[in-house]
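Q: Could you have a look at this structure, given as structure tokens, before my questions?
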Amino acid sequence: MRGTFRIKARMRRFARRHPRISFALRSFILFSAAFGGAYGFVSGSRTDAYDPNTFAIGASFLFAIACVALATLSMRMRWMRKKMRGLALHNEALVDRNWELKEAEERARNLFESQSDIVLLRAADGTITFVNDAFCELAQQPREALLGSQYVLPIIEQGKINIDSRGTRIHDQKIPSAAGPRWIAWREGIVRFDAGQLAELQCVGRDVTDRTETERALAEARDHADDASRAKSRFLAMASHEIRTPLNGIMGMNGLLLETTLTPEQTTYAKAIKTSSEALLSLIDELLDYSKIEAGKIDLEHRPFALASLIEDITELLAPRAQARKLEIASYVDERLPMQVIGDAARLRQVLLNLAGNAIKFTTEGGVALIVEPGKQANEISFLVRDTGIGIAPEAQARIFREFEQADERIARNYGGTGLGLAISERIVRRMGGHITLQSALGQGSTFEVTIPLPPHDDGDGIDKPIETPDLRDTSIMLIAPHSVEASLIERRLERWGAQTCTISDIAVARALIPERAWHAILVDGAMNHSAVTQLGELAQPHALHRLIMFTPTMRHEYPPEAMAGYTGYLVKPLRAASLATRLSAPAPALAPSMADIDESTEPEVSSPNTVRSPHRLTILLAEDNEINALLMRTLLTRMGHQVVLTTNGEAALESWLGAESAGTPYDLVLMDVQMPRLDGIEATRQIRAREAGQRVQRTPILALTANALVEDRYACFEAGMDGFLVKPLDRDKLAEVLAGLKPMHTLAA
Ligand code: ADP
């Protein structure tokens, strides 16, 4: 069957391909059949052996064949007609489909043409095969003119070209149009390949002028903000410079004052100046810090530091401020904590100073406590700053950690402040890996809790030593003080050390209880009625081993030596744990001590002049326009054994340097202030370096004296040819160290 079909199919194909041959063949077959039949009849009827029967049989046979052929033809005709009807139906369906396709194509074309996006098709040779209305409008040309041409849009500005993973070119172009220049974002891709060749390129463009303009405006705004931020940093640096310069004078002069022979009282005052100016300096540094934090440039140190002394230093630093407002300030460091931990002490101090400073600022009655305890997680430490102040309303509690936010504008105006402190603190703490939480209610004080991970420092012997504590087990101590922040912390501390503590705020009750038993110690708050305090000391003499009075430095003069005859010693508030421990573990005094016998461990010592003398005597040119700083520098340098020539501006410094060079006695060192009238330090240095190069003389070391803490300013010094810089306020040890490394020029030359 299959073979038959194959032959038929081949024959049909042959007939289709060669219709003439097939026609000739068919005509020949028909002619042969007709001729054969006719010839058969004619020759059959003429022969002698003509047999009418046989002839009739033959004629009937032929007739039968003709009938069969006719019947077959008729059937084939019917089959063909049926097929034709099927074909006509199919054709109709195809016509419908064709209409649909045409309609769809028309719709698509209309859609493309009316698109706001620009659509363009190009043939492989760049000829335009399709453009939509948007393209015509942009090109300002009719469609007919564009189709078939190789028109290219003029470009004002070309953006960066990117190619995505599917090979689509993505880029922006600025193109002139009737409505002015427009930014078009193009996506260009190959849509069809013919035998692997590029056939058509489809370009779709979108007008992104608004987006681009917005982006540009944003970028401009960002640049302006950056400029403003830089200007702010410069302003902060300038302000800090302006403050640092007089501060240099204060700190330096005070340092000189402390080196003279002073009475203990004068020493206390001078030390207070030192502490305050140091605090002011740290404030300036904080200002600079803010600009650094804003710029995300905050580096943390990881160094061991003593936890208890850090906290006590903070408390002592803030004590004068608190005591001036008649507030108490006290600290408590849990004994379970390690002596030393690793972290950034300066930043932690900055955070705690801010929190405790706020606590004092917003408290009018009561006091402030700094409590340090182990945190919930291992190596975590909690720093609690608790006050009895005005408190913070719940709705303001989250807000105050944002920049320039204050809980209550009206109240804040009375207290002052910028609203920056908590924002800085919060960022620093977060950077340390910790967090700050707040518990407060209006009128009921506040507790800020800073929790940060601070690993213990192992100082070599593998043991993290806890804070040292005295053993006061089986001892009784009476604390006579009003119920106050400090009293409760002292009580807590004494109980931790094992003592049985009894805190009494009523002097009459205390007087009645003292003779009742033998006390290891009584601690009396000097803030209570003075004569009653004096009497308590005398009363307790036979009953208490240690009789200690506690007062603030200002209160001390209110107790003349005779008023303290009954006491064995005194402690300065806020109490240092170490001082309290020393007092309580000291052996019993043989006699009632006089004021002179009192161990003043917390009293400032009188320092003796300790200026380091330099190994070489140098001739130093000092260029400094600020009189106080000049005097300070000259005194320091002279004390170190150097010879100083002072000039007050850059021009005079240059002349003096030239004079010394030409006289053959060059300076061993130039100390050059950066900001000076006439010629500033940078320019003066440049000129000195230029002349050195011209005259081929030996290079004089030049050090900048600068209060500017910004890196750019330091670069400017080096660029001008300076060899280093000393930052104001001047660190004497640093100065001595730098000078010790220098030798006189004539020695160097030799
Ligand atoms: P500043 O104190 O300079 O205004 P801060 O950021 O340190 O800025 O504090 C923000 C605000 O939070 C303060 O203005 C004050 O309203 C509130 N605040 C902070 N600490 C306390 C506190 N201990 N008691 C009451 N209010 C406080």
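By order in the structure tokens, chains are A, B, ...; within a chain, residues start at 1; ligands start at 1, following the order shown.
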Could you list, as a list in words, all protein and nucleic acid residues with an atom at most 6 Å from ligand 1, counting only C-alpha atoms and all ligand atoms?

A: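 The distance check yields Asn358, Ala359, Phe362, Gly389, Ile390, Gly391, Ile392, Ile400, Glu405, Gln406, Ala407, Asp408, Ala412, Gly417, Thr418, Gly419, Leu420, Gly421, Leu422, Ala423 and Ser446 of chain A.
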
Q: Got time to write the residues from that selection, all heavy atoms, as a short mmCIF file (atom, residue, chain, number, x, y, z; two decimals), in the first residue's frame?

A:
data_model
loop_
_atom_site.label_atom_id
_atom_site.label_comp_id
_atom_site.auth_asym_id
_atom_site.auth_seq_id
_atom_site.Cartn_x
_atom_site.Cartn_y
_atom_site.Cartn_z
N ASN A 358 23.80 66.40 82.16
CA ASN A 358 22.36 66.66 81.98
C ASN A 358 21.62 66.43 83.29
O ASN A 358 20.73 67.20 83.65
CB ASN A 358 21.78 65.70 80.94
CG ASN A 358 21.97 66.20 79.53
OD1 ASN A 358 22.35 67.34 79.33
ND2 ASN A 358 21.72 65.35 78.56
N ALA A 359 22.00 65.33 83.95
CA ALA A 359 21.32 64.99 85.21
C ALA A 359 21.44 66.14 86.20
O ALA A 359 20.47 66.50 86.86
CB ALA A 359 21.90 63.71 85.78
N PHE A 362 19.31 69.23 84.95
CA PHE A 362 17.86 69.15 85.05
C PHE A 362 17.37 68.71 86.44
O PHE A 362 16.29 68.14 86.58
CB PHE A 362 17.30 68.22 83.97
CG PHE A 362 17.54 68.76 82.58
CD1 PHE A 362 18.52 68.23 81.77
CD2 PHE A 362 16.80 69.83 82.11
CE1 PHE A 362 18.76 68.74 80.51
CE2 PHE A 362 17.03 70.35 80.84
CZ PHE A 362 18.02 69.80 80.04
N GLY A 389 15.64 64.64 89.27
CA GLY A 389 15.27 65.91 88.63
C GLY A 389 13.86 65.98 88.08
O GLY A 389 12.96 65.26 88.53
N ILE A 390 13.72 66.83 87.05
CA ILE A 390 12.37 67.15 86.54
C ILE A 390 11.72 66.00 85.77
O ILE A 390 10.52 66.00 85.55
CB ILE A 390 12.41 68.42 85.64
CG1 ILE A 390 13.35 68.20 84.44
CG2 ILE A 390 12.81 69.64 86.43
CD1 ILE A 390 13.26 69.30 83.40
N GLY A 391 12.51 65.03 85.34
CA GLY A 391 11.95 63.89 84.60
C GLY A 391 11.60 64.25 83.17
O GLY A 391 11.63 65.43 82.77
N ILE A 392 11.27 63.23 82.39
CA ILE A 392 10.97 63.44 80.97
C ILE A 392 9.64 62.77 80.65
O ILE A 392 9.42 61.60 81.01
CB ILE A 392 12.09 62.84 80.09
CG1 ILE A 392 13.44 63.47 80.48
CG2 ILE A 392 11.82 63.05 78.61
CD1 ILE A 392 14.63 62.69 80.02
N ILE A 400 14.19 62.84 72.28
CA ILE A 400 15.38 63.56 72.77
C ILE A 400 16.69 62.94 72.31
O ILE A 400 17.73 63.57 72.42
CB ILE A 400 15.38 63.68 74.32
CG1 ILE A 400 15.24 62.30 74.96
CG2 ILE A 400 14.29 64.62 74.78
CD1 ILE A 400 15.51 62.33 76.45
N GLU A 405 16.98 68.08 69.51
CA GLU A 405 15.66 67.87 70.11
C GLU A 405 15.76 68.04 71.61
O GLU A 405 16.68 67.54 72.26
CB GLU A 405 15.14 66.46 69.80
CG GLU A 405 14.69 66.25 68.38
CD GLU A 405 13.35 66.90 68.08
OE1 GLU A 405 12.70 67.40 69.01
OE2 GLU A 405 12.96 66.91 66.89
N GLN A 406 14.77 68.73 72.17
CA GLN A 406 14.71 68.89 73.61
C GLN A 406 13.33 68.47 74.08
O GLN A 406 12.36 68.59 73.33
CB GLN A 406 15.03 70.34 73.97
CG GLN A 406 16.51 70.61 73.70
CD GLN A 406 16.91 72.06 73.75
OE1 GLN A 406 16.12 72.89 73.38
NE2 GLN A 406 18.11 72.32 74.17
N ALA A 407 13.28 67.95 75.31
CA ALA A 407 12.01 67.40 75.78
C ALA A 407 10.94 68.48 75.80
O ALA A 407 9.83 68.28 75.34
CB ALA A 407 12.20 66.79 77.16
N ASP A 408 11.30 69.62 76.33
CA ASP A 408 10.33 70.70 76.44
C ASP A 408 11.08 72.00 76.13
O ASP A 408 11.95 72.42 76.90
CB ASP A 408 9.77 70.71 77.87
CG ASP A 408 8.70 71.77 78.06
OD1 ASP A 408 8.84 72.86 77.47
OD2 ASP A 408 7.73 71.49 78.78
N ALA A 412 13.74 73.84 78.37
CA ALA A 412 15.11 73.79 77.87
C ALA A 412 15.69 75.19 77.78
O ALA A 412 16.88 75.40 78.01
CB ALA A 412 15.14 73.10 76.52
N GLY A 417 21.44 74.72 76.39
CA GLY A 417 21.83 73.45 75.73
C GLY A 417 21.43 73.45 74.27
O GLY A 417 20.58 74.23 73.85
N THR A 418 22.07 72.57 73.54
CA THR A 418 21.86 72.54 72.09
C THR A 418 20.97 71.39 71.63
O THR A 418 20.48 71.40 70.51
CB THR A 418 23.21 72.35 71.39
OG1 THR A 418 23.81 71.18 71.94
CG2 THR A 418 24.11 73.54 71.56
N GLY A 419 20.79 70.40 72.48
CA GLY A 419 20.03 69.21 72.07
C GLY A 419 20.87 68.27 71.24
O GLY A 419 20.34 67.43 70.51
N LEU A 420 22.18 68.40 71.36
CA LEU A 420 23.07 67.53 70.56
C LEU A 420 23.66 66.39 71.38
O LEU A 420 23.99 65.33 70.85
CB LEU A 420 24.25 68.36 70.04
CG LEU A 420 24.10 68.99 68.68
CD1 LEU A 420 25.34 69.76 68.34
CD2 LEU A 420 23.83 67.94 67.63
N GLY A 421 23.83 66.65 72.67
CA GLY A 421 24.56 65.72 73.54
C GLY A 421 24.06 64.29 73.47
O GLY A 421 24.84 63.37 73.26
N LEU A 422 22.75 64.10 73.60
CA LEU A 422 22.22 62.73 73.61
C LEU A 422 22.37 62.08 72.24
O LEU A 422 22.62 60.87 72.15
CB LEU A 422 20.75 62.72 74.04
CG LEU A 422 20.49 62.95 75.52
CD1 LEU A 422 19.00 62.94 75.79
CD2 LEU A 422 21.17 61.88 76.35
N ALA A 423 22.21 62.89 71.17
CA ALA A 423 22.36 62.33 69.82
C ALA A 423 23.78 61.81 69.63
O ALA A 423 23.98 60.69 69.14
CB ALA A 423 22.04 63.39 68.78
N SER A 446 15.04 60.80 86.41
CA SER A 446 15.31 59.97 85.22
C SER A 446 16.46 59.03 85.50
O SER A 446 17.35 59.33 86.30
CB SER A 446 15.73 60.84 84.03
OG SER A 446 14.89 61.94 83.93
#

Q: Among region 7-123 of chain A, which residues does DSSP mark as strand (DSSP E or B) when it is run on the backbone? Keep the chain and numbering as in the structure and answer as a PDB file with all heavy atoms, in the first residue's frame.

A:
ATOM      1  N   ILE A 118       9.298  56.652  22.289  1.00  0.00           N
ATOM      2  CA  ILE A 118       9.747  56.792  20.901  1.00  0.00           C
ATOM      3  C   ILE A 118      10.134  55.414  20.387  1.00  0.00           C
ATOM      4  O   ILE A 118      10.906  54.705  21.058  1.00  0.00           O
ATOM      5  CB  ILE A 118      10.962  57.735  20.869  1.00  0.00           C
ATOM      6  CG1 ILE A 118      10.532  59.080  21.425  1.00  0.00           C
ATOM      7  CG2 ILE A 118      11.562  57.858  19.493  1.00  0.00           C
ATOM      8  CD1 ILE A 118      11.634  59.867  22.032  1.00  0.00           C
ATOM      9  N   VAL A 119       9.580  55.009  19.220  1.00  0.00           N
ATOM     10  CA  VAL A 119       9.900  53.689  18.670  1.00  0.00           C
ATOM     11  C   VAL A 119      10.447  53.867  17.261  1.00  0.00           C
ATOM     12  O   VAL A 119       9.899  54.621  16.462  1.00  0.00           O
ATOM     13  CB  VAL A 119       8.655  52.781  18.643  1.00  0.00           C
ATOM     14  CG1 VAL A 119       9.023  51.374  18.173  1.00  0.00           C
ATOM     15  CG2 VAL A 119       8.005  52.711  20.004  1.00  0.00           C
ATOM     16  N   LEU A 120      11.524  53.158  16.997  1.00  0.00           N
ATOM     17  CA  LEU A 120      12.191  53.274  15.707  1.00  0.00           C
ATOM     18  C   LEU A 120      12.762  51.913  15.334  1.00  0.00           C
ATOM     19  O   LEU A 120      13.346  51.230  16.176  1.00  0.00           O
ATOM     20  CB  LEU A 120      13.341  54.292  15.871  1.00  0.00           C
ATOM     21  CG  LEU A 120      14.426  54.365  14.824  1.00  0.00           C
ATOM     22  CD1 LEU A 120      13.935  55.145  13.607  1.00  0.00           C
ATOM     23  CD2 LEU A 120      15.648  55.079  15.389  1.00  0.00           C
ATOM     24  N   LEU A 121      12.551  51.503  14.059  1.00  0.00           N
ATOM     25  CA  LEU A 121      13.150  50.250  13.582  1.00  0.00           C
ATOM     26  C   LEU A 121      14.065  50.582  12.423  1.00  0.00           C
ATOM     27  O   LEU A 121      13.711  51.369  11.546  1.00  0.00           O
ATOM     28  CB  LEU A 121      12.075  49.272  13.114  1.00  0.00           C
ATOM     29  CG  LEU A 121      11.179  48.652  14.176  1.00  0.00           C
ATOM     30  CD1 LEU A 121      10.167  47.730  13.520  1.00  0.00           C
ATOM     31  CD2 LEU A 121      11.990  47.855  15.188  1.00  0.00           C
ATOM     32  N   ARG A 122      15.256  49.996  12.466  1.00  0.00           N
ATOM     33  CA  ARG A 122      16.204  50.225  11.373  1.00  0.00           C
ATOM     34  C   ARG A 122      16.598  48.881  10.792  1.00  0.00           C
ATOM     35  O   ARG A 122      16.773  47.901  11.541  1.00  0.00           O
ATOM     36  CB  ARG A 122      17.489  50.871  11.896  1.00  0.00           C
ATOM     37  CG  ARG A 122      17.378  52.350  12.137  1.00  0.00           C
ATOM     38  CD  ARG A 122      18.744  52.871  12.569  1.00  0.00           C
ATOM     39  NE  ARG A 122      18.634  54.185  13.170  1.00  0.00           N
ATOM     40  CZ  ARG A 122      18.568  55.316  12.481  1.00  0.00           C
ATOM     41  NH1 ARG A 122      18.609  55.271  11.143  1.00  0.00           N
ATOM     42  NH2 ARG A 122      18.478  56.468  13.088  1.00  0.00           N
ATOM     43  N   ALA A 123      16.802  48.859   9.452  1.00  0.00           N
ATOM     44  CA  ALA A 123      17.300  47.640   8.815  1.00  0.00           C
ATOM     45  C   ALA A 123      18.793  47.539   9.110  1.00  0.00           C
ATOM     46  O   ALA A 123      19.384  48.454   9.699  1.00  0.00           O
ATOM     47  CB  ALA A 123      17.060  47.721   7.314  1.00  0.00           C
TER      48      ALA A 123
END

Q: Which residues come within 12 Å of Pro470 (chain A), counting only C-alpha atoms, excluding same-chain residues fewer than 2 positions away, as a list in words?

A: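 Result of the neighbour search: Glu335, Ile467, Glu468, Leu472, Arg473, Thr475, Arg493, Leu494, Glu495, Arg496, Trp497, Gly498, Ala499, Ala577, Ala578, Ser579, Leu580, Ala581, Thr582, Arg583, Leu584, Ser585 and Ala586 of chain A.
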
Q: To one decimal in Å, tell me the separation between CA of Gly433 (chain A) and CA of Pro453 (chain A).

A: 6.8 Å

Q: Excluding region 322-324 of chain A and any residue of its chain fewer than 5 positions from it, enumerate the residues within 10 Å of it, using only C-alpha atoms, and give them as an NGL selection string.

A: :A and (315-317 or 329 or 356-357 or 359-361 or 363-364 or 367-368 or 552-554 or 573-574)

Q: Select, from A:Met672, A:Ala237, A:Ala512, A:Met253, the residue with the minimum atom-to-atom distance to Leu631 (chain A), counting only C-alpha atoms.

A: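 Between A:Met672, A:Ala237, A:Ala512, A:Met253, the residue approaching Leu631 (chain A) most closely is A:Met253.
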
Q: Could you give me the residues within region 250-356 of chain A that DSSP places in alpha helix (DSSP H), as number ranges by chain?

A: A: 250-259, 264-294, 307-324, 345-356

Q: Save out the residues we just selected, C-alpha atoms, as a PDB file, in the first residue's frame.

A:
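Result saved to out.pdb:
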ATOM      1  CA  ILE A 250      45.279  79.588  80.627  1.00  0.00           C
ATOM      2  CA  MET A 251      46.505  75.998  80.799  1.00  0.00           C
ATOM      3  CA  GLY A 252      50.135  76.865  80.223  1.00  0.00           C
ATOM      4  CA  MET A 253      50.210  79.737  82.708  1.00  0.00           C
ATOM      5  CA  ASN A 254      48.414  77.609  85.249  1.00  0.00           C
ATOM      6  CA  GLY A 255      50.997  74.891  84.691  1.00  0.00           C
ATOM      7  CA  LEU A 256      53.736  77.442  85.417  1.00  0.00           C
ATOM      8  CA  LEU A 257      51.842  78.619  88.481  1.00  0.00           C
ATOM      9  CA  LEU A 258      51.612  75.069  89.787  1.00  0.00           C
ATOM     10  CA  GLU A 259      55.385  74.795  89.507  1.00  0.00           C
ATOM     11  CA  PRO A 264      47.821  74.107  99.789  1.00  0.00           C
ATOM     12  CA  GLU A 265      44.831  76.352  99.247  1.00  0.00           C
ATOM     13  CA  GLN A 266      46.385  78.055  96.250  1.00  0.00           C
ATOM     14  CA  THR A 267      47.340  74.663  94.870  1.00  0.00           C
ATOM     15  CA  THR A 268      43.709  73.530  95.173  1.00  0.00           C
ATOM     16  CA  TYR A 269      42.555  76.564  93.224  1.00  0.00           C
ATOM     17  CA  ALA A 270      45.208  76.189  90.567  1.00  0.00           C
ATOM     18  CA  LYS A 271      44.331  72.524  90.210  1.00  0.00           C
ATOM     19  CA  ALA A 272      40.693  73.472  89.857  1.00  0.00           C
ATOM     20  CA  ILE A 273      41.686  75.791  86.998  1.00  0.00           C
ATOM     21  CA  LYS A 274      43.569  72.886  85.480  1.00  0.00           C
ATOM     22  CA  THR A 275      40.582  70.550  85.746  1.00  0.00           C
ATOM     23  CA  SER A 276      38.171  73.113  84.375  1.00  0.00           C
ATOM     24  CA  SER A 277      40.371  74.066  81.452  1.00  0.00           C
ATOM     25  CA  GLU A 278      40.838  70.417  80.663  1.00  0.00           C
ATOM     26  CA  ALA A 279      37.051  70.025  80.697  1.00  0.00           C
ATOM     27  CA  LEU A 280      36.748  73.017  78.391  1.00  0.00           C
ATOM     28  CA  LEU A 281      39.291  71.488  76.068  1.00  0.00           C
ATOM     29  CA  SER A 282      37.325  68.257  75.989  1.00  0.00           C
ATOM     30  CA  LEU A 283      34.193  70.266  75.205  1.00  0.00           C
ATOM     31  CA  ILE A 284      35.934  71.772  72.197  1.00  0.00           C
ATOM     32  CA  ASP A 285      36.977  68.310  71.152  1.00  0.00           C
ATOM     33  CA  GLU A 286      33.348  67.214  71.484  1.00  0.00           C
ATOM     34  CA  LEU A 287      32.287  69.962  69.135  1.00  0.00           C
ATOM     35  CA  LEU A 288      34.761  68.680  66.610  1.00  0.00           C
ATOM     36  CA  ASP A 289      33.528  65.202  67.374  1.00  0.00           C
ATOM     37  CA  TYR A 290      30.035  66.058  66.338  1.00  0.00           C
ATOM     38  CA  SER A 291      31.212  67.102  62.916  1.00  0.00           C
ATOM     39  CA  LYS A 292      33.223  63.887  62.726  1.00  0.00           C
ATOM     40  CA  ILE A 293      30.257  61.745  63.782  1.00  0.00           C
ATOM     41  CA  GLU A 294      28.107  63.508  61.219  1.00  0.00           C
ATOM     42  CA  LEU A 307      36.839  51.356  85.418  1.00  0.00           C
ATOM     43  CA  ALA A 308      36.538  52.661  88.990  1.00  0.00           C
ATOM     44  CA  SER A 309      38.931  55.569  88.514  1.00  0.00           C
ATOM     45  CA  LEU A 310      37.173  56.586  85.301  1.00  0.00           C
ATOM     46  CA  ILE A 311      33.848  56.792  87.118  1.00  0.00           C
ATOM     47  CA  GLU A 312      35.310  58.534  90.179  1.00  0.00           C
ATOM     48  CA  ASP A 313      37.137  61.025  87.958  1.00  0.00           C
ATOM     49  CA  ILE A 314      33.869  61.869  86.231  1.00  0.00           C
ATOM     50  CA  THR A 315      32.106  62.269  89.557  1.00  0.00           C
ATOM     51  CA  GLU A 316      34.870  64.504  90.904  1.00  0.00           C
ATOM     52  CA  LEU A 317      34.955  66.565  87.756  1.00  0.00           C
ATOM     53  CA  LEU A 318      31.242  67.229  87.999  1.00  0.00           C
ATOM     54  CA  ALA A 319      31.177  67.603  91.783  1.00  0.00           C
ATOM     55  CA  PRO A 320      31.874  71.377  91.871  1.00  0.00           C
ATOM     56  CA  ARG A 321      29.015  71.956  89.437  1.00  0.00           C
ATOM     57  CA  ALA A 322      26.655  69.775  91.455  1.00  0.00           C
ATOM     58  CA  GLN A 323      27.725  71.204  94.796  1.00  0.00           C
ATOM     59  CA  ALA A 324      27.335  74.762  93.516  1.00  0.00           C
ATOM     60  CA  ALA A 345      37.791  55.273  77.872  1.00  0.00           C
ATOM     61  CA  ALA A 346      37.694  58.762  76.353  1.00  0.00           C
ATOM     62  CA  ARG A 347      34.462  58.104  74.448  1.00  0.00           C
ATOM     63  CA  LEU A 348      32.831  56.399  77.416  1.00  0.00           C
ATOM     64  CA  ARG A 349      33.821  59.336  79.584  1.00  0.00           C
ATOM     65  CA  GLN A 350      32.343  61.677  76.988  1.00  0.00           C
ATOM     66  CA  VAL A 351      29.016  59.792  77.061  1.00  0.00           C
ATOM     67  CA  LEU A 352      28.846  59.578  80.854  1.00  0.00           C
ATOM     68  CA  LEU A 353      29.884  63.205  81.267  1.00  0.00           C
ATOM     69  CA  ASN A 354      27.054  64.206  78.998  1.00  0.00           C
ATOM     70  CA  LEU A 355      24.477  62.072  80.821  1.00  0.00           C
ATOM     71  CA  ALA A 356      25.641  63.072  84.276  1.00  0.00           C
TER      72      ALA A 356
END

Q: So the first atom is CA of Gly681 (chain A) and the second is CA of Thr700 (chain A); what is the distance between them in Å, to one decimal place?

A: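 These atoms are spaced 14.5 Å apart.
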
Q: Go ahead and compute the interatomic distance for CA of Gln675 (chain A) and CA of Glu651 (chain A), in Å to one decimal.

A: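 The value is 12.3 Å.
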
Q: Extract, using only C-alpha atoms, all DNA, RNA and protein residues at most 9 Å from region 627-630 of chain A, discarding same-chain residues fewer than 6 positions from it, and format them as a list in words.

A: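 In the requested form, the answer reads Thr245, Pro246, Asn248, Gly249, Ile250, Gly252, Met253, Leu646, Thr647 and Thr648 of chain A.
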
Q: Tell me which of A:Val674, A:Gly569, A:Ile428, A:Ser382 sits closest to Lys728 (chain A), counting only C-alpha atoms.

A: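 Residue with the minimum atom-to-atom distance to Lys728 (chain A): A:Val674.
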
Q: Gln173 (chain A): which residues within 7 Å, counting only C-alpha atoms, same-chain residues fewer than 5 positions away excluded, as a CSV table (one decimal) with N, CA and C atoms, in the first residue's frame?

A:
chain,number,residue,atom,x,y,z
A,155,ILE,N,22.6,65.0,18.6
A,155,ILE,CA,22.8,64.7,20.0
A,155,ILE,C,23.6,65.9,20.6
A,157,GLU,N,24.2,65.9,24.2
A,157,GLU,CA,25.1,65.3,25.2
A,157,GLU,C,24.8,63.8,25.2
A,158,GLN,N,25.9,63.0,25.3
A,158,GLN,CA,25.8,61.6,25.3
A,158,GLN,C,26.1,61.0,26.7
A,159,GLY,N,25.2,60.2,27.3
A,159,GLY,CA,25.4,59.7,28.6
A,159,GLY,C,26.2,58.4,28.5
A,183,TRP,N,16.0,64.9,27.6
A,183,TRP,CA,16.8,63.7,27.9
A,183,TRP,C,16.0,62.5,27.5
A,184,ILE,N,16.5,61.7,26.6
A,184,ILE,CA,15.9,60.4,26.2
A,184,ILE,C,16.7,59.2,26.7
A,185,ALA,N,16.0,58.3,27.4
A,185,ALA,CA,16.7,57.1,27.8
A,185,ALA,C,16.4,56.0,26.8

Q: List the neighbours of Gln140 (chain A) out to 10 Å using only C-alpha atoms; skip same-chain residues closer than 5 positions along the sequence, and give me the result as a list in words.

A: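 The contact residues come out as Asp133, Ala134, Phe135, Leu153, Ser177 and Ala178 of chain A.
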
Q: So, counting only C-alpha atoms, which residue among A:His616, A:Thr665, A:Leu622, A:Asn98 is closest to Leu742 (chain A)?

A: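 When distances to Leu742 (chain A) are compared using only C-alpha atoms, the smallest one comes from A:His616.
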
Q: Looking at only C-alpha atoms, which of A:Ser331, A:Gln397, A:Ser505, A:Asn626 is the one that sits closest to Arg576 (chain A)?

A: A:Ser331

Q: My list of candidates is A:Ser27, A:Thr503, A:Ser656, A:Gln643. Which is closest to Ala684 (chain A) when distances are computed with only C-alpha atoms?

A: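 The answer is A:Ser656, which sits nearest to Ala684 (chain A).
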